[in-house]
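Engineer: Before we start, here is the structure in question, set down as structure tokens.
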2 protein chains.
Amino acid sequence: VKYHKIPNETVRRLPIYLRGLMLLTQNGNSSISSRKLSEVVNVNAWQIRKDFSYFGEFGTRGIGYNIENLSSEIKKILNLNTSNKTALVGAGNLGSAVLSYSGFAAYGLNITAAFDNDPDKVGKKINGVTIEDVSRLNVLKRRKIDLAIIAIPGPEAQNVADTLVKAGIKGILNFSPCRIGVPKKIKVITIDIATDLARLPYYTASS
Amino acid sequence: VKYHKIPNETVRRLPIYLRGLMLLTQNGNSSISSRKLSEVVNVNAWQIRKDFSYFGEFGTRGIGYNIENLSSEIKKILNLNTSNKTALVGAGNLGSAVLSYSGFAAYGLNITAAFDNDPDKVGKKINGVTIEDVSRLNVLKRRKIDLAIIAIPGPEAQNVADTLVKAGIKGILNFSPCRIGVPKKIKVITIDIATDLARLPYYTASS
């Protein structure tokens, strides 16, 4: 089932809600009001209710949302209930940090392959994943890897993206500060940590 | 001047608009319609118009927004038109990647200090910044550093945050997967790359 008409901004918040719900479960909660969830995820309660309204009715007046049902529905919508194998390209500082990051598993995401063009890195193992030569990117289709993370400096990112598209990748998480051009059916999400840091002075200046 | 009533979600998008406007300026544009900006920044045109409506009227019918005026207004709102000195705590893989990242300057953000507890790292220089021992965090106030980036693994993050607050830090960009508790007047923005990767399967599954 593919859910249509969910705005991109709502899709962006769904994993954040999911993270909040996982935290609430860990703390022994089984249901939650939109107001209480609002405090955990730092999104307005009316926005939460509006976001959830795109995929049906979950809340019960006076009780709130059933956390287990809601989590499972969000996972279904995001397609996180199937295996999502991911390849990493670039095993420098950022790539190594991504490989060592332990937070993916909770979402059913697994980095199962990593590539670099540095012969000194090829063959080394980080967090159980052996770095392969970047010339081997064409194995991705055979290994049923649909997602890729680009963690290399700007100029080469487009070349890598072109190769990834040829290798059958459907979605790219891009850490390079460059815009990447890909065919329309490929989804690219760019993470620019500068845009996050750039929000802080709004809250901290003249306070 | 402090602009009130701008929702957090709008504040989150302002640096993204700013990045798009910088790109458009580089490409020789001087004005832009909300529809065209929408394509550059990947946010709905109505959402862009609504966001801009919080801080006045910028668009001219048939011409669009003046890019220079709009950029300068966004910078003013975000307090990016003053120097924003930032400290980094944690010079591991992620911290080193952050220190080497060249994208901050465009927003007037500067990482001017870096700290680690590893004696092998202390004294080394990355991108012109010398790593100092983490016991020296109390110098931040004297150096007029208001912002900090936490790039260390989970468990120690809270201790570091406590020390940063004592050292007069007003805003924290947190890369550790943990929730950090701070006094209410301190702003914490947490970056969890897993929540970004977790959006990709929504777009790529069954396509």
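Residues in the structure tokens are named by chain (A, B, ... in the order shown) and by number from 1 within that chain; ligands are numbered from 1 in the order shown.
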What are the coordinates of chain B as a PDB file with C-alpha atoms, in the first residue's frame following a least-squares fit to chain A on all in-order C-alpha atoms?

Structural biologist:
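Below is the file that was written, selection-v2.pdb:
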```pdb
ATOM      1  CA  VAL B   1      -0.096   0.022   0.008  1.00  0.00           C
ATOM      2  CA  LYS B   2       1.262   3.423  -0.925  1.00  0.00           C
ATOM      3  CA  TYR B   3      -0.241   6.324   1.012  1.00  0.00           C
ATOM      4  CA  HIS B   4      -0.707   9.325  -1.206  1.00  0.00           C
ATOM      5  CA  LYS B   5      -1.204  12.969  -0.372  1.00  0.00           C
ATOM      6  CA  ILE B   6       1.019  12.969   2.719  1.00  0.00           C
ATOM      7  CA  PRO B   7       2.985  16.226   2.477  1.00  0.00           C
ATOM      8  CA  ASN B   8       6.799  15.998   2.500  1.00  0.00           C
ATOM      9  CA  GLU B   9       6.925  18.036   5.693  1.00  0.00           C
ATOM     10  CA  THR B  10       4.692  15.477   7.424  1.00  0.00           C
ATOM     11  CA  VAL B  11       6.851  12.624   6.122  1.00  0.00           C
ATOM     12  CA  ARG B  12       9.861  14.448   7.559  1.00  0.00           C
ATOM     13  CA  ARG B  13       8.276  14.517  11.001  1.00  0.00           C
ATOM     14  CA  LEU B  14       7.102  10.878  11.028  1.00  0.00           C
ATOM     15  CA  PRO B  15      10.519   9.410  11.992  1.00  0.00           C
ATOM     16  CA  ILE B  16      10.792  12.063  14.700  1.00  0.00           C
ATOM     17  CA  TYR B  17       7.422  10.995  16.105  1.00  0.00           C
ATOM     18  CA  LEU B  18       8.559   7.382  15.859  1.00  0.00           C
ATOM     19  CA  ARG B  19      11.714   8.163  17.830  1.00  0.00           C
ATOM     20  CA  GLY B  20       9.613   9.889  20.498  1.00  0.00           C
ATOM     21  CA  LEU B  21       7.220   6.938  20.662  1.00  0.00           C
ATOM     22  CA  MET B  22      10.129   4.476  21.035  1.00  0.00           C
ATOM     23  CA  LEU B  23      11.443   6.572  23.920  1.00  0.00           C
ATOM     24  CA  LEU B  24       7.993   6.648  25.546  1.00  0.00           C
ATOM     25  CA  THR B  25       7.688   2.851  25.198  1.00  0.00           C
ATOM     26  CA  GLN B  26      11.108   2.422  26.834  1.00  0.00           C
ATOM     27  CA  ASN B  27       9.830   4.533  29.698  1.00  0.00           C
ATOM     28  CA  GLY B  28       6.842   2.235  30.170  1.00  0.00           C
ATOM     29  CA  ASN B  29       4.076   4.277  28.507  1.00  0.00           C
ATOM     30  CA  SER B  30       1.379   2.607  26.411  1.00  0.00           C
ATOM     31  CA  SER B  31      -0.689   5.632  25.403  1.00  0.00           C
ATOM     32  CA  ILE B  32       0.041   9.316  24.940  1.00  0.00           C
ATOM     33  CA  SER B  33      -1.855  12.560  24.326  1.00  0.00           C
ATOM     34  CA  SER B  34      -0.861  14.818  21.446  1.00  0.00           C
ATOM     35  CA  ARG B  35      -0.016  17.452  24.067  1.00  0.00           C
ATOM     36  CA  LYS B  36       2.375  15.167  25.935  1.00  0.00           C
ATOM     37  CA  LEU B  37       3.894  13.864  22.682  1.00  0.00           C
ATOM     38  CA  SER B  38       4.326  17.490  21.682  1.00  0.00           C
ATOM     39  CA  GLU B  39       6.697  18.012  24.629  1.00  0.00           C
ATOM     40  CA  VAL B  40       8.720  14.909  23.758  1.00  0.00           C
ATOM     41  CA  VAL B  41       9.184  15.651  20.055  1.00  0.00           C
ATOM     42  CA  ASN B  42       9.083  19.461  20.185  1.00  0.00           C
ATOM     43  CA  VAL B  43       6.349  19.866  17.550  1.00  0.00           C
ATOM     44  CA  ASN B  44       3.057  21.730  18.146  1.00  0.00           C
ATOM     45  CA  ALA B  45       0.183  19.512  19.334  1.00  0.00           C
ATOM     46  CA  TRP B  46      -2.109  20.791  16.536  1.00  0.00           C
ATOM     47  CA  GLN B  47       0.569  19.964  13.991  1.00  0.00           C
ATOM     48  CA  ILE B  48       0.850  16.425  15.402  1.00  0.00           C
ATOM     49  CA  ARG B  49      -2.928  15.945  15.212  1.00  0.00           C
ATOM     50  CA  LYS B  50      -2.960  17.273  11.650  1.00  0.00           C
ATOM     51  CA  ASP B  51      -0.067  15.010  10.614  1.00  0.00           C
ATOM     52  CA  PHE B  52      -1.761  11.926  12.071  1.00  0.00           C
ATOM     53  CA  SER B  53      -5.060  12.827  10.411  1.00  0.00           C
ATOM     54  CA  TYR B  54      -3.495  12.028   7.017  1.00  0.00           C
ATOM     55  CA  PHE B  55      -3.517   8.343   7.809  1.00  0.00           C
ATOM     56  CA  GLY B  56      -6.654   7.780   9.825  1.00  0.00           C
ATOM     57  CA  GLU B  57      -8.027   8.148  13.313  1.00  0.00           C
ATOM     58  CA  PHE B  58      -5.804   7.041  16.183  1.00  0.00           C
ATOM     59  CA  GLY B  59      -6.662   9.171  19.155  1.00  0.00           C
ATOM     60  CA  THR B  60      -9.293   8.285  21.742  1.00  0.00           C
ATOM     61  CA  ARG B  61     -10.718  11.285  23.561  1.00  0.00           C
ATOM     62  CA  GLY B  62      -9.384  11.461  27.119  1.00  0.00           C
ATOM     63  CA  ILE B  63      -6.891   8.634  26.573  1.00  0.00           C
ATOM     64  CA  GLY B  64      -4.843   9.720  23.598  1.00  0.00           C
ATOM     65  CA  TYR B  65      -2.973   7.625  21.091  1.00  0.00           C
ATOM     66  CA  ASN B  66      -2.166   3.963  21.543  1.00  0.00           C
ATOM     67  CA  ILE B  67       1.619   4.011  21.201  1.00  0.00           C
ATOM     68  CA  GLU B  68       2.024   0.506  19.792  1.00  0.00           C
ATOM     69  CA  ASN B  69      -0.637   0.938  17.095  1.00  0.00           C
ATOM     70  CA  LEU B  70       0.624   4.364  16.169  1.00  0.00           C
ATOM     71  CA  SER B  71       4.284   3.212  15.931  1.00  0.00           C
ATOM     72  CA  SER B  72       3.362   0.244  13.793  1.00  0.00           C
ATOM     73  CA  GLU B  73       1.266   2.436  11.478  1.00  0.00           C
ATOM     74  CA  ILE B  74       4.073   4.979  11.075  1.00  0.00           C
ATOM     75  CA  LYS B  75       6.552   2.186  10.291  1.00  0.00           C
ATOM     76  CA  LYS B  76       4.138   0.815   7.687  1.00  0.00           C
ATOM     77  CA  ILE B  77       3.721   4.209   6.033  1.00  0.00           C
ATOM     78  CA  LEU B  78       7.470   4.841   5.969  1.00  0.00           C
ATOM     79  CA  ASN B  79       8.127   1.298   4.685  1.00  0.00           C
ATOM     80  CA  LEU B  80      10.363   0.652   7.651  1.00  0.00           C
ATOM     81  CA  ASN B  81       8.811  -2.759   8.320  1.00  0.00           C
ATOM     82  CA  THR B  82      10.893  -4.341   5.566  1.00  0.00           C
ATOM     83  CA  SER B  83      14.660  -4.704   5.394  1.00  0.00           C
ATOM     84  CA  ASN B  84      16.264  -1.530   4.083  1.00  0.00           C
ATOM     85  CA  LYS B  85      19.822  -2.279   3.067  1.00  0.00           C
ATOM     86  CA  THR B  86      21.982   0.783   2.674  1.00  0.00           C
ATOM     87  CA  ALA B  87      25.414   1.378   1.136  1.00  0.00           C
ATOM     88  CA  LEU B  88      27.840   4.032   2.291  1.00  0.00           C
ATOM     89  CA  VAL B  89      30.141   5.786  -0.173  1.00  0.00           C
ATOM     90  CA  GLY B  90      33.061   7.584   1.456  1.00  0.00           C
ATOM     91  CA  ALA B  91      34.766   6.184   4.541  1.00  0.00           C
ATOM     92  CA  GLY B  92      36.507   9.364   5.673  1.00  0.00           C
ATOM     93  CA  ASN B  93      35.794  11.026   8.999  1.00  0.00           C
ATOM     94  CA  LEU B  94      32.103  11.560   8.342  1.00  0.00           C
ATOM     95  CA  GLY B  95      31.560   8.176   6.693  1.00  0.00           C
ATOM     96  CA  SER B  96      33.349   6.393   9.534  1.00  0.00           C
ATOM     97  CA  ALA B  97      31.163   8.230  12.038  1.00  0.00           C
ATOM     98  CA  VAL B  98      28.047   7.182  10.089  1.00  0.00           C
ATOM     99  CA  LEU B  99      29.237   3.552   9.978  1.00  0.00           C
ATOM    100  CA  SER B 100      29.847   3.547  13.730  1.00  0.00           C
ATOM    101  CA  TYR B 101      26.490   5.138  14.496  1.00  0.00           C
ATOM    102  CA  SER B 102      24.264   2.774  16.435  1.00  0.00           C
ATOM    103  CA  GLY B 103      20.954   4.546  15.910  1.00  0.00           C
ATOM    104  CA  PHE B 104      19.910   3.064  12.542  1.00  0.00           C
ATOM    105  CA  ALA B 105      18.846  -0.399  13.697  1.00  0.00           C
ATOM    106  CA  ALA B 106      15.845   0.929  15.644  1.00  0.00           C
ATOM    107  CA  TYR B 107      14.356   1.996  12.292  1.00  0.00           C
ATOM    108  CA  GLY B 108      15.146  -1.278  10.521  1.00  0.00           C
ATOM    109  CA  LEU B 109      17.935   0.411   8.577  1.00  0.00           C
ATOM    110  CA  ASN B 110      21.192  -1.461   8.010  1.00  0.00           C
ATOM    111  CA  ILE B 111      24.406  -0.270   6.379  1.00  0.00           C
ATOM    112  CA  THR B 112      25.566  -3.493   4.742  1.00  0.00           C
ATOM    113  CA  ALA B 113      28.246  -2.168   2.389  1.00  0.00           C
ATOM    114  CA  ALA B 114      30.809   0.635   2.343  1.00  0.00           C
ATOM    115  CA  PHE B 115      33.039   1.973  -0.421  1.00  0.00           C
ATOM    116  CA  ASP B 116      36.031   4.271  -0.717  1.00  0.00           C
ATOM    117  CA  ASN B 117      38.632   5.083  -3.369  1.00  0.00           C
ATOM    118  CA  ASP B 118      41.553   5.192  -0.912  1.00  0.00           C
ATOM    119  CA  PRO B 119      43.602   1.949  -1.168  1.00  0.00           C
ATOM    120  CA  ASP B 120      44.650   2.409   2.474  1.00  0.00           C
ATOM    121  CA  LYS B 121      41.020   2.156   3.556  1.00  0.00           C
ATOM    122  CA  VAL B 122      39.864  -0.641   1.245  1.00  0.00           C
ATOM    123  CA  GLY B 123      39.809  -3.978   3.111  1.00  0.00           C
ATOM    124  CA  LYS B 124      39.550  -2.384   6.556  1.00  0.00           C
ATOM    125  CA  LYS B 125      36.534  -3.133   8.725  1.00  0.00           C
ATOM    126  CA  ILE B 126      34.412  -0.561  10.549  1.00  0.00           C
ATOM    127  CA  ASN B 127      31.590  -1.771  12.778  1.00  0.00           C
ATOM    128  CA  GLY B 128      31.572  -5.136  10.998  1.00  0.00           C
ATOM    129  CA  VAL B 129      31.453  -3.689   7.477  1.00  0.00           C
ATOM    130  CA  THR B 130      34.462  -4.173   5.175  1.00  0.00           C
ATOM    131  CA  ILE B 131      35.363  -1.175   3.015  1.00  0.00           C
ATOM    132  CA  GLU B 132      35.365  -2.095  -0.683  1.00  0.00           C
ATOM    133  CA  ASP B 133      36.865  -0.295  -3.641  1.00  0.00           C
ATOM    134  CA  VAL B 134      34.500   2.260  -5.135  1.00  0.00           C
ATOM    135  CA  SER B 135      34.883   0.602  -8.553  1.00  0.00           C
ATOM    136  CA  ARG B 136      32.715  -2.210  -7.187  1.00  0.00           C
ATOM    137  CA  LEU B 137      29.565  -0.066  -6.803  1.00  0.00           C
ATOM    138  CA  ASN B 138      27.931  -2.054  -9.602  1.00  0.00           C
ATOM    139  CA  VAL B 139      27.393  -4.963  -7.173  1.00  0.00           C
ATOM    140  CA  LEU B 140      24.622  -3.057  -5.369  1.00  0.00           C
ATOM    141  CA  LYS B 141      21.801  -4.283  -7.582  1.00  0.00           C
ATOM    142  CA  ARG B 142      22.835  -7.907  -7.154  1.00  0.00           C
ATOM    143  CA  ARG B 143      22.961  -7.447  -3.389  1.00  0.00           C
ATOM    144  CA  LYS B 144      19.511  -5.837  -3.397  1.00  0.00           C
ATOM    145  CA  ILE B 145      20.755  -2.589  -1.853  1.00  0.00           C
ATOM    146  CA  ASP B 146      18.310   0.226  -2.678  1.00  0.00           C
ATOM    147  CA  LEU B 147      19.588   3.094  -0.519  1.00  0.00           C
ATOM    148  CA  ALA B 148      22.916   4.890  -0.401  1.00  0.00           C
ATOM    149  CA  ILE B 149      24.613   7.492   1.764  1.00  0.00           C
ATOM    150  CA  ILE B 150      27.078   9.843   0.065  1.00  0.00           C
ATOM    151  CA  ALA B 151      29.688  11.040   2.564  1.00  0.00           C
ATOM    152  CA  ILE B 152      32.355  12.519   0.309  1.00  0.00           C
ATOM    153  CA  PRO B 153      33.407  16.111  -0.382  1.00  0.00           C
ATOM    154  CA  GLY B 154      31.521  18.167  -2.922  1.00  0.00           C
ATOM    155  CA  PRO B 155      32.995  17.918  -6.413  1.00  0.00           C
ATOM    156  CA  GLU B 156      33.001  14.106  -6.706  1.00  0.00           C
ATOM    157  CA  ALA B 157      29.499  13.664  -5.305  1.00  0.00           C
ATOM    158  CA  GLN B 158      27.773  14.032  -8.671  1.00  0.00           C
ATOM    159  CA  ASN B 159      29.931  11.328 -10.289  1.00  0.00           C
ATOM    160  CA  VAL B 160      29.207   8.975  -7.427  1.00  0.00           C
ATOM    161  CA  ALA B 161      25.487   9.756  -7.647  1.00  0.00           C
ATOM    162  CA  ASP B 162      25.522   8.968 -11.388  1.00  0.00           C
ATOM    163  CA  THR B 163      27.196   5.619 -10.689  1.00  0.00           C
ATOM    164  CA  LEU B 164      24.737   4.858  -7.882  1.00  0.00           C
ATOM    165  CA  VAL B 165      21.787   5.513 -10.163  1.00  0.00           C
ATOM    166  CA  LYS B 166      23.261   3.156 -12.764  1.00  0.00           C
ATOM    167  CA  ALA B 167      23.684   0.579  -9.995  1.00  0.00           C
ATOM    168  CA  GLY B 168      19.940   0.679  -9.313  1.00  0.00           C
ATOM    169  CA  ILE B 169      19.894   2.830  -6.165  1.00  0.00           C
ATOM    170  CA  LYS B 170      16.465   4.389  -5.528  1.00  0.00           C
ATOM    171  CA  GLY B 171      17.221   6.804  -2.700  1.00  0.00           C
ATOM    172  CA  ILE B 172      20.264   8.831  -1.621  1.00  0.00           C
ATOM    173  CA  LEU B 173      21.097  10.523   1.656  1.00  0.00           C
ATOM    174  CA  ASN B 174      23.559  13.229   0.617  1.00  0.00           C
ATOM    175  CA  PHE B 175      26.023  14.770   3.080  1.00  0.00           C
ATOM    176  CA  SER B 176      27.991  16.626   0.434  1.00  0.00           C
ATOM    177  CA  PRO B 177      27.220  20.351   0.379  1.00  0.00           C
ATOM    178  CA  CYS B 178      26.466  20.143  -3.358  1.00  0.00           C
ATOM    179  CA  ARG B 179      23.139  19.831  -5.080  1.00  0.00           C
ATOM    180  CA  ILE B 180      22.994  16.474  -6.795  1.00  0.00           C
ATOM    181  CA  GLY B 181      21.149  16.016 -10.060  1.00  0.00           C
ATOM    182  CA  VAL B 182      19.423  12.646 -10.517  1.00  0.00           C
ATOM    183  CA  PRO B 183      16.517  11.299 -12.584  1.00  0.00           C
ATOM    184  CA  LYS B 184      13.130  12.263 -11.170  1.00  0.00           C
ATOM    185  CA  LYS B 185      12.258   8.808  -9.856  1.00  0.00           C
ATOM    186  CA  ILE B 186      15.312   8.867  -7.541  1.00  0.00           C
ATOM    187  CA  LYS B 187      14.816  10.538  -4.150  1.00  0.00           C
ATOM    188  CA  VAL B 188      17.668  12.612  -2.719  1.00  0.00           C
ATOM    189  CA  ILE B 189      17.663  13.939   0.850  1.00  0.00           C
ATOM    190  CA  THR B 190      20.490  16.376   1.569  1.00  0.00           C
ATOM    191  CA  ILE B 191      21.710  16.905   5.125  1.00  0.00           C
ATOM    192  CA  ASP B 192      23.427  20.238   5.630  1.00  0.00           C
ATOM    193  CA  ILE B 193      24.522  20.611   9.234  1.00  0.00           C
ATOM    194  CA  ALA B 194      25.150  24.308   8.620  1.00  0.00           C
ATOM    195  CA  THR B 195      21.407  24.924   8.222  1.00  0.00           C
ATOM    196  CA  ASP B 196      20.854  23.347  11.637  1.00  0.00           C
ATOM    197  CA  LEU B 197      23.601  25.324  13.343  1.00  0.00           C
ATOM    198  CA  ALA B 198      22.265  28.459  11.620  1.00  0.00           C
ATOM    199  CA  ARG B 199      19.016  28.197  13.590  1.00  0.00           C
ATOM    200  CA  LEU B 200      20.672  28.434  16.998  1.00  0.00           C
ATOM    201  CA  PRO B 201      21.458  32.185  17.001  1.00  0.00           C
ATOM    202  CA  TYR B 202      17.732  32.889  16.519  1.00  0.00           C
ATOM    203  CA  TYR B 203      17.127  31.412  19.950  1.00  0.00           C
ATOM    204  CA  THR B 204      20.266  32.522  21.736  1.00  0.00           C
ATOM    205  CA  ALA B 205      20.927  36.085  20.629  1.00  0.00           C
ATOM    206  CA  SER B 206      19.859  38.948  22.894  1.00  0.00           C
ATOM    207  CA  SER B 207      18.582  36.512  25.522  1.00  0.00           C
TER     208      SER B 207
END
```

Engineer: Which residues in range 25-194 of chain B does DSSP call strand (DSSP E)? List them as an MDAnalysis selection string.

Structural biologist: chainID B and resid 31:32 59:60 64:66 84:89 109:116 125:126 129:133 147:150 171:174 187:190

Engineer: Dump C-alpha atoms for the selected residues as a short mmCIF file (atom, residue, chain, number, x, y, z; two decimals), in the first residue's frame?

Structural biologist:
```cif
data_model
loop_
_atom_site.label_atom_id
_atom_site.label_comp_id
_atom_site.auth_asym_id
_atom_site.auth_seq_id
_atom_site.Cartn_x
_atom_site.Cartn_y
_atom_site.Cartn_z
CA SER B 31 14.47 38.18 -7.92
CA ILE B 32 12.52 34.95 -7.56
CA GLY B 59 6.79 39.79 -2.84
CA THR B 60 5.82 42.04 -5.74
CA GLY B 64 8.44 37.94 -6.99
CA TYR B 65 10.82 38.42 -4.12
CA ASN B 66 13.90 40.62 -4.23
CA ASN B 84 28.50 33.61 16.07
CA LYS B 85 31.47 31.89 17.65
CA THR B 86 31.00 28.19 18.18
CA ALA B 87 32.91 25.58 20.18
CA LEU B 88 33.13 21.92 19.25
CA VAL B 89 33.31 19.23 21.93
CA LEU B 109 29.13 30.80 11.77
CA ASN B 110 32.69 30.10 12.93
CA ILE B 111 34.03 27.18 14.95
CA THR B 112 36.76 28.94 16.92
CA ALA B 113 37.52 26.31 19.57
CA ALA B 114 37.56 22.52 19.84
CA PHE B 115 37.92 20.20 22.82
CA ASP B 116 38.57 16.53 23.43
CA LYS B 125 45.23 21.23 14.61
CA ILE B 126 42.24 20.59 12.34
CA VAL B 129 41.65 25.06 15.11
CA THR B 130 43.85 23.58 17.86
CA ILE B 131 42.22 20.85 19.96
CA GLU B 132 42.27 21.75 23.66
CA ASP B 133 41.75 19.58 26.70
CA LEU B 147 27.23 28.21 20.85
CA ALA B 148 28.53 24.67 21.12
CA ILE B 149 28.39 21.47 19.09
CA ILE B 150 28.41 18.18 21.00
CA GLY B 171 22.72 27.10 22.43
CA ILE B 172 23.79 23.51 21.71
CA LEU B 173 23.79 21.51 18.50
CA ASN B 174 23.67 17.92 19.74
CA LYS B 187 18.27 25.95 23.29
CA VAL B 188 19.23 22.44 22.19
CA ILE B 189 18.89 21.25 18.59
CA THR B 190 19.48 17.52 18.16
#
```

Engineer: Please, which residues of range 35-130 of chain A, numbered as in this document, come out helix (DSSP H, G or I) from DSSP, as a ChimeraX atom specification?

Structural biologist: /A:35-41,45-53,67-77,93-100,105-107
